[in-house]
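Source file: my_file_24.pdb (PDB, C-alpha atoms)
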ATOM      1  CA  MET A   5     -26.375 -26.965 -93.439
ATOM      2  CA  ILE A   6     -24.410 -23.725 -93.224
ATOM      3  CA  GLN A   7     -25.657 -20.501 -94.807
ATOM      4  CA  THR A   8     -24.615 -16.878 -94.594
ATOM      5  CA  GLY A   9     -26.651 -13.722 -94.308
ATOM      6  CA  THR A  10     -26.934 -10.269 -92.815
ATOM      7  CA  VAL A  11     -28.591  -9.568 -89.479
ATOM      8  CA  ILE A  12     -31.381  -7.060 -90.062
ATOM      9  CA  GLU A  13     -32.919  -7.039 -86.588
ATOM     10  CA  THR A  14     -32.394  -8.495 -83.133
ATOM     11  CA  ILE A  15     -35.370  -9.898 -81.250
ATOM     12  CA  ASN A  16     -35.469 -10.106 -77.430
ATOM     13  CA  GLY A  17     -31.666 -10.117 -77.315
ATOM     14  CA  ASN A  18     -31.344 -13.852 -78.028
ATOM     15  CA  LYS A  19     -32.766 -14.084 -81.561
ATOM     16  CA  ALA A  20     -31.899 -12.382 -84.823
ATOM     17  CA  LYS A  21     -33.774 -11.868 -88.061
ATOM     18  CA  VAL A  22     -31.290 -12.721 -90.811
ATOM     19  CA  HIS A  23     -31.639 -11.810 -94.502
ATOM     20  CA  MET A  24     -30.128 -14.473 -96.750
ATOM     21  CA  LYS A  25     -30.260 -15.951-100.215
ATOM     22  CA  LYS A  26     -31.613 -19.433-100.760
ATOM     23  CA  HIS A  27     -28.949 -22.086-100.959
ATOM     24  CA  SER A  28     -28.680 -23.927-104.267
ATOM     25  CA  ALA A  29     -29.617 -27.136-102.413
ATOM     26  CA  CYS A  30     -32.812 -25.474-101.191
ATOM     27  CA  GLY A  31     -34.712 -26.349-104.347
ATOM     28  CA  ASP A  32     -38.004 -24.958-105.507
ATOM     29  CA  CYS A  33     -40.409 -26.405-102.958
ATOM     30  CA  GLY A  34     -41.881 -22.978-102.228
ATOM     31  CA  ALA A  35     -41.897 -23.490 -98.453
ATOM     32  CA  CYS A  36     -39.915 -20.313 -97.785
ATOM     33  CA  GLN A  37     -41.275 -18.030-100.501
ATOM     34  CA  HIS A  38     -42.897 -18.648-103.828
ATOM     35  CA  GLY A  39     -41.125 -18.839-107.162
ATOM     36  CA  LYS A  40     -37.615 -18.839-108.531
ATOM     37  CA  GLU A  41     -37.592 -15.091-109.062
ATOM     38  CA  ASN A  42     -37.378 -14.444-105.324
ATOM     39  CA  MET A  43     -34.297 -16.275-104.092
ATOM     40  CA  GLU A  44     -34.040 -14.243-100.877
ATOM     41  CA  LEU A  45     -35.672 -14.880 -97.522
ATOM     42  CA  ASN A  46     -35.657 -13.707 -93.929
ATOM     43  CA  ILE A  47     -35.356 -16.234 -91.119
ATOM     44  CA  VAL A  48     -35.344 -15.979 -87.345
ATOM     45  CA  ALA A  49     -32.340 -17.700 -85.768
ATOM     46  CA  MET A  50     -31.018 -18.137 -82.237
ATOM     47  CA  ASN A  51     -28.419 -15.425 -81.600
ATOM     48  CA  GLU A  52     -26.442 -16.524 -78.569
ATOM     49  CA  ILE A  53     -23.239 -14.889 -79.845
ATOM     50  CA  GLY A  54     -24.713 -11.374 -79.787
ATOM     51  CA  ALA A  55     -24.662 -10.482 -83.475
ATOM     52  CA  LYS A  56     -25.999  -6.987 -84.166
ATOM     53  CA  PRO A  57     -27.905  -5.514 -87.121
ATOM     54  CA  GLY A  58     -25.580  -5.136 -90.095
ATOM     55  CA  ASP A  59     -23.312  -8.049 -89.087
ATOM     56  CA  PHE A  60     -22.602 -10.639 -91.789
ATOM     57  CA  VAL A  61     -23.089 -13.978 -90.044
ATOM     58  CA  GLU A  62     -22.949 -17.704 -90.524
ATOM     59  CA  VAL A  63     -26.182 -19.564 -89.745
ATOM     60  CA  ASN A  64     -26.223 -23.300 -89.137
ATOM     61  CA  MET A  65     -28.858 -25.968 -88.849
ATOM     62  CA  GLU A  66     -27.722 -29.563 -88.620
ATOM     63  CA  THR A  67     -28.447 -31.521 -91.809
ATOM     64  CA  GLN A  68     -30.135 -34.360 -89.930
ATOM     65  CA  ASN A  69     -32.474 -31.850 -88.300
ATOM     66  CA  VAL A  70     -33.285 -30.314 -91.686
ATOM     67  CA  MET A  71     -34.082 -33.800 -92.962
ATOM     68  CA  GLY A  72     -36.224 -34.486 -89.900
ATOM     69  CA  ALA A  73     -38.166 -31.270 -90.421
ATOM     70  CA  ALA A  74     -38.624 -32.097 -94.124
ATOM     71  CA  PHE A  75     -39.930 -35.535 -93.137
ATOM     72  CA  ILE A  76     -42.461 -33.992 -90.779
ATOM     73  CA  ILE A  77     -43.653 -31.391 -93.290
ATOM     74  CA  TYR A  78     -43.754 -33.540 -96.438
ATOM     75  CA  VAL A  79     -43.796 -37.267 -95.679
ATOM     76  CA  ILE A  80     -46.349 -37.368 -92.855
ATOM     77  CA  PRO A  81     -49.074 -35.608 -94.910
ATOM     78  CA  LEU A  82     -48.218 -37.794 -97.911
ATOM     79  CA  LEU A  83     -48.592 -40.918 -95.766
ATOM     80  CA  ALA A  84     -51.921 -39.574 -94.485
ATOM     81  CA  LEU A  85     -53.100 -39.122 -98.087
ATOM     82  CA  VAL A  86     -52.063 -42.613 -99.192
ATOM     83  CA  LEU A  87     -53.383 -44.220 -96.021
ATOM     84  CA  GLY A  88     -56.673 -42.331 -96.335
ATOM     85  CA  ILE A  89     -57.164 -43.444 -99.927
ATOM     86  CA  GLY A  90     -56.192 -47.063 -99.246
ATOM     87  CA  VAL A  91     -58.116 -47.544 -96.004
ATOM     88  CA  GLY A  92     -61.029 -45.468 -97.280
ATOM     89  CA  SER A  93     -61.316 -47.607-100.400
ATOM     90  CA  TYR A  94     -61.111 -50.820 -98.367
ATOM     91  CA  VAL A  95     -63.726 -49.686 -95.832
ATOM     92  CA  LEU A  96     -66.084 -48.398 -98.519
ATOM     93  CA  ASN A  97     -65.858 -51.689-100.417
ATOM     94  CA  THR A  98     -66.344 -53.634 -97.167
ATOM     95  CA  ILE A  99     -69.528 -51.765 -96.237
ATOM     96  CA  GLY A 100     -70.907 -52.266 -99.746
ATOM     97  CA  VAL A 101     -70.533 -48.879-101.398
ATOM     98  CA  GLN A 102     -70.510 -49.632-105.129
ATOM     99  CA  GLU A 103     -70.522 -46.273-106.894
ATOM    100  CA  ASN A 104     -67.865 -43.544-106.846
ATOM    101  CA  VAL A 105     -65.674 -45.468-104.400
ATOM    102  CA  GLU A 106     -62.547 -43.819-105.827
ATOM    103  CA  VAL A 107     -63.986 -40.332-105.411
ATOM    104  CA  TYR A 108     -65.026 -40.974-101.811
ATOM    105  CA  ALA A 109     -61.677 -42.616-101.032
ATOM    106  CA  ALA A 110     -59.837 -39.613-102.505
ATOM    107  CA  GLY A 111     -62.007 -37.325-100.374
ATOM    108  CA  ILE A 112     -61.100 -39.325 -97.261
ATOM    109  CA  GLY A 113     -57.432 -39.084 -98.242
ATOM    110  CA  PHE A 114     -57.663 -35.301 -98.638
ATOM    111  CA  VAL A 115     -59.437 -34.951 -95.303
ATOM    112  CA  LEU A 116     -56.722 -36.992 -93.541
ATOM    113  CA  THR A 117     -54.046 -34.889 -95.260
ATOM    114  CA  ALA A 118     -55.718 -31.701 -94.019
ATOM    115  CA  ILE A 119     -55.900 -33.174 -90.505
ATOM    116  CA  ALA A 120     -52.195 -34.061 -90.672
ATOM    117  CA  TYR A 121     -51.310 -30.476 -91.657
ATOM    118  CA  LEU A 122     -53.517 -29.071 -88.898
ATOM    119  CA  MET A 123     -51.847 -31.338 -86.334
ATOM    120  CA  ILE A 124     -48.385 -30.274 -87.546
ATOM    121  CA  LYS A 125     -49.442 -26.618 -87.325
ATOM    122  CA  ARG A 126     -50.793 -27.203 -83.826
ATOM    123  CA  VAL A 127     -47.484 -28.614 -82.539
ATOM    124  CA  GLU A 128     -45.332 -26.122 -84.479
ATOM    125  CA  GLY A 129     -44.676 -24.146 -81.289
ATOM    126  CA  THR A 130     -43.126 -27.237 -79.726
ATOM    127  CA  PHE A 131     -40.676 -27.486 -82.620
ATOM    128  CA  ASN A 132     -39.770 -23.800 -82.261
ATOM    129  CA  LYS A 133     -38.916 -24.366 -78.580
ATOM    130  CA  ASP A 134     -36.745 -27.365 -79.433
ATOM    131  CA  LYS A 135     -33.442 -25.803 -80.464
ATOM    132  CA  LYS A 136     -32.564 -28.656 -82.803
ATOM    133  CA  TYR A 137     -35.158 -27.423 -85.320
ATOM    134  CA  VAL A 138     -34.211 -23.733 -85.036
ATOM    135  CA  PRO A 139     -31.331 -22.202 -87.041
ATOM    136  CA  VAL A 140     -28.461 -20.836 -84.944
ATOM    137  CA  VAL A 141     -26.139 -17.907 -85.657
ATOM    138  CA  THR A 142     -22.763 -19.590 -85.147
ATOM    139  CA  ARG A 143     -20.280 -16.809 -85.891
ATOM    140  CA  ILE A 144     -19.830 -13.302 -87.172
ATOM    141  CA  LEU A 145     -17.897 -13.110 -90.441
ATOM    142  CA  ASP A 146     -15.716 -10.218 -91.577
TER
END
Give the structure from this file in structure tokens form.
Amino acid sequence: MIQTGTVIETINGNKAKVHMKKHSACGDCGACQHGKENMELNIVAMNEIGAKPGDFVEVNMETQNVMGAAFIIYVIPLLALVLGIGVGSYVLNTIGVQENVEVYAAGIGFVLTAIAYLMIKRVEGTFNKDKKYVPVVTRILD
């Protein structure tokens, strides 16, 4: 996925904060910023080409890596929710709980979803070190 934006700051010489507008394919998930009214965002990208503040640049992140990141952020917690509800309901019925099984199972699902998000947050630093999940400034445009 290729986007364009303006470098607003360099960080430690090898990263750049880039101001850009959301791509039309970005959608309205709200992960970057909330709402349709704010279609602009700032990202931190690897800056191995030495772009300076004020440069209009091209930023790239491989589509498969974007899809992998989306899987991690959205699908894993969803699976935790579904698994928590299904297994929770089965276990509760097995141990003989008769009342409010659905409510308890939903609670178990929500707890597993929260745990999944906490685990993702805990390993987030690992993803930031892995360059395949970090946007890269690929060239300076005129």
Interatomic distance, CA of Ala74 in chain A to CA of Tyr137 in chain A (Å, one decimal):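 Taking CA of Ala74 in chain A as the start and CA of Tyr137 in chain A as the end point, the length is 10.6 Å.
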Pick from A:Gly92, A:Pro57, A:Glu128, A:Glu44 nearest to Thr10 in chain A, counting only C-alpha atoms: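 Among the listed residues, the smallest separation from Thr10 in chain A belongs to A:Pro57.
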Selection under test: the PyMOL selection byres ((chain A and resi 14) around 12); residues as a PDB file with C-alpha atoms, in the frame of the given file:
ATOM      1  CA  THR A  10     -26.934 -10.269 -92.815  1.00  0.00           C
ATOM      2  CA  VAL A  11     -28.591  -9.568 -89.479  1.00  0.00           C
ATOM      3  CA  ILE A  12     -31.381  -7.060 -90.062  1.00  0.00           C
ATOM      4  CA  GLU A  13     -32.919  -7.039 -86.588  1.00  0.00           C
ATOM      5  CA  ILE A  15     -35.370  -9.898 -81.250  1.00  0.00           C
ATOM      6  CA  ASN A  16     -35.469 -10.106 -77.430  1.00  0.00           C
ATOM      7  CA  GLY A  17     -31.666 -10.117 -77.315  1.00  0.00           C
ATOM      8  CA  ASN A  18     -31.344 -13.852 -78.028  1.00  0.00           C
ATOM      9  CA  LYS A  19     -32.766 -14.084 -81.561  1.00  0.00           C
ATOM     10  CA  ALA A  20     -31.899 -12.382 -84.823  1.00  0.00           C
ATOM     11  CA  LYS A  21     -33.774 -11.868 -88.061  1.00  0.00           C
ATOM     12  CA  VAL A  22     -31.290 -12.721 -90.811  1.00  0.00           C
ATOM     13  CA  HIS A  23     -31.639 -11.810 -94.502  1.00  0.00           C
ATOM     14  CA  ILE A  47     -35.356 -16.234 -91.119  1.00  0.00           C
ATOM     15  CA  VAL A  48     -35.344 -15.979 -87.345  1.00  0.00           C
ATOM     16  CA  ALA A  49     -32.340 -17.700 -85.768  1.00  0.00           C
ATOM     17  CA  MET A  50     -31.018 -18.137 -82.237  1.00  0.00           C
ATOM     18  CA  ASN A  51     -28.419 -15.425 -81.600  1.00  0.00           C
ATOM     19  CA  GLU A  52     -26.442 -16.524 -78.569  1.00  0.00           C
ATOM     20  CA  ILE A  53     -23.239 -14.889 -79.845  1.00  0.00           C
ATOM     21  CA  GLY A  54     -24.713 -11.374 -79.787  1.00  0.00           C
ATOM     22  CA  ALA A  55     -24.662 -10.482 -83.475  1.00  0.00           C
ATOM     23  CA  LYS A  56     -25.999  -6.987 -84.166  1.00  0.00           C
ATOM     24  CA  PRO A  57     -27.905  -5.514 -87.121  1.00  0.00           C
ATOM     25  CA  GLY A  58     -25.580  -5.136 -90.095  1.00  0.00           C
ATOM     26  CA  ASP A  59     -23.312  -8.049 -89.087  1.00  0.00           C
ATOM     27  CA  VAL A 141     -26.139 -17.907 -85.657  1.00  0.00           C
TER      28      VAL A 141
END
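Between CA of Val61 in chain A and CA of Lys136 in chain A lies a distance of 18.9 Å.
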Minimum-distance residue to Ile119 in chain A, chosen among A:Leu145, A:Val105, A:Gly9, A:Leu82 (using only C-alpha atoms):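 With only C-alpha atoms as the atom set, the closest residue is A:Leu82.
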Selection near Ala84 in chain A, 10 Å with only C-alpha atoms, sequence-local residues under 6 positions removed, as a PyMOL selection string: chain A and resi 90+112-121
d(CA of Thr130 in chain A, CA of Met43 in chain A) in Å: 28.1 Å
Taking every listed atom of range 85-92 of chain A and adding 8 Å to each side, what centre and edge lengths in Å (one decimal) does the axis-aligned box have, as lines of an AutoDock Vina configuration file?
center_x = -56.5
center_y = -43.3
center_z = -98.0
size_x = 25.0
size_y = 24.4
size_z = 19.9
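Those DNA, RNA and protein residues that approach the point (-66.7, -47.0, -103.0) to within 10 Å, considering only C-alpha atoms, are Gly92, Ser93, Tyr94, Val95, Leu96, Asn97, Thr98, Ile99, Gly100, Val101, Gln102, Glu103, Asn104, Val105, Glu106, Val107, Tyr108 and Ala109 of chain A.
Restricting the calculation to only C-alpha atoms, the smallest distance between Pro139 in chain A and any of A:Val79, A:Leu122, A:Thr8, A:Gly111 is found for A:Thr8.
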Of the listed residues A:Gln7, A:Phe60, A:Leu83, A:Asn46, that which approaches Asp146 in chain A most closely, counting all atoms listed in the file: A:Phe60
Using all atoms listed in the file: which of A:Lys25, A:Ile6, A:Ile80, A:Asn69 has the shortest distance to Ile124 in chain A: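 The shortest atom-to-atom distance to Ile124 in chain A comes from A:Ile80.
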Counting all atoms listed in the file, the residue of A:Ala110, A:Val63, A:Met123, A:Met71 that sits nearest Leu85 in chain A: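 Among the listed residues, A:Ala110 lies closest to Leu85 in chain A.
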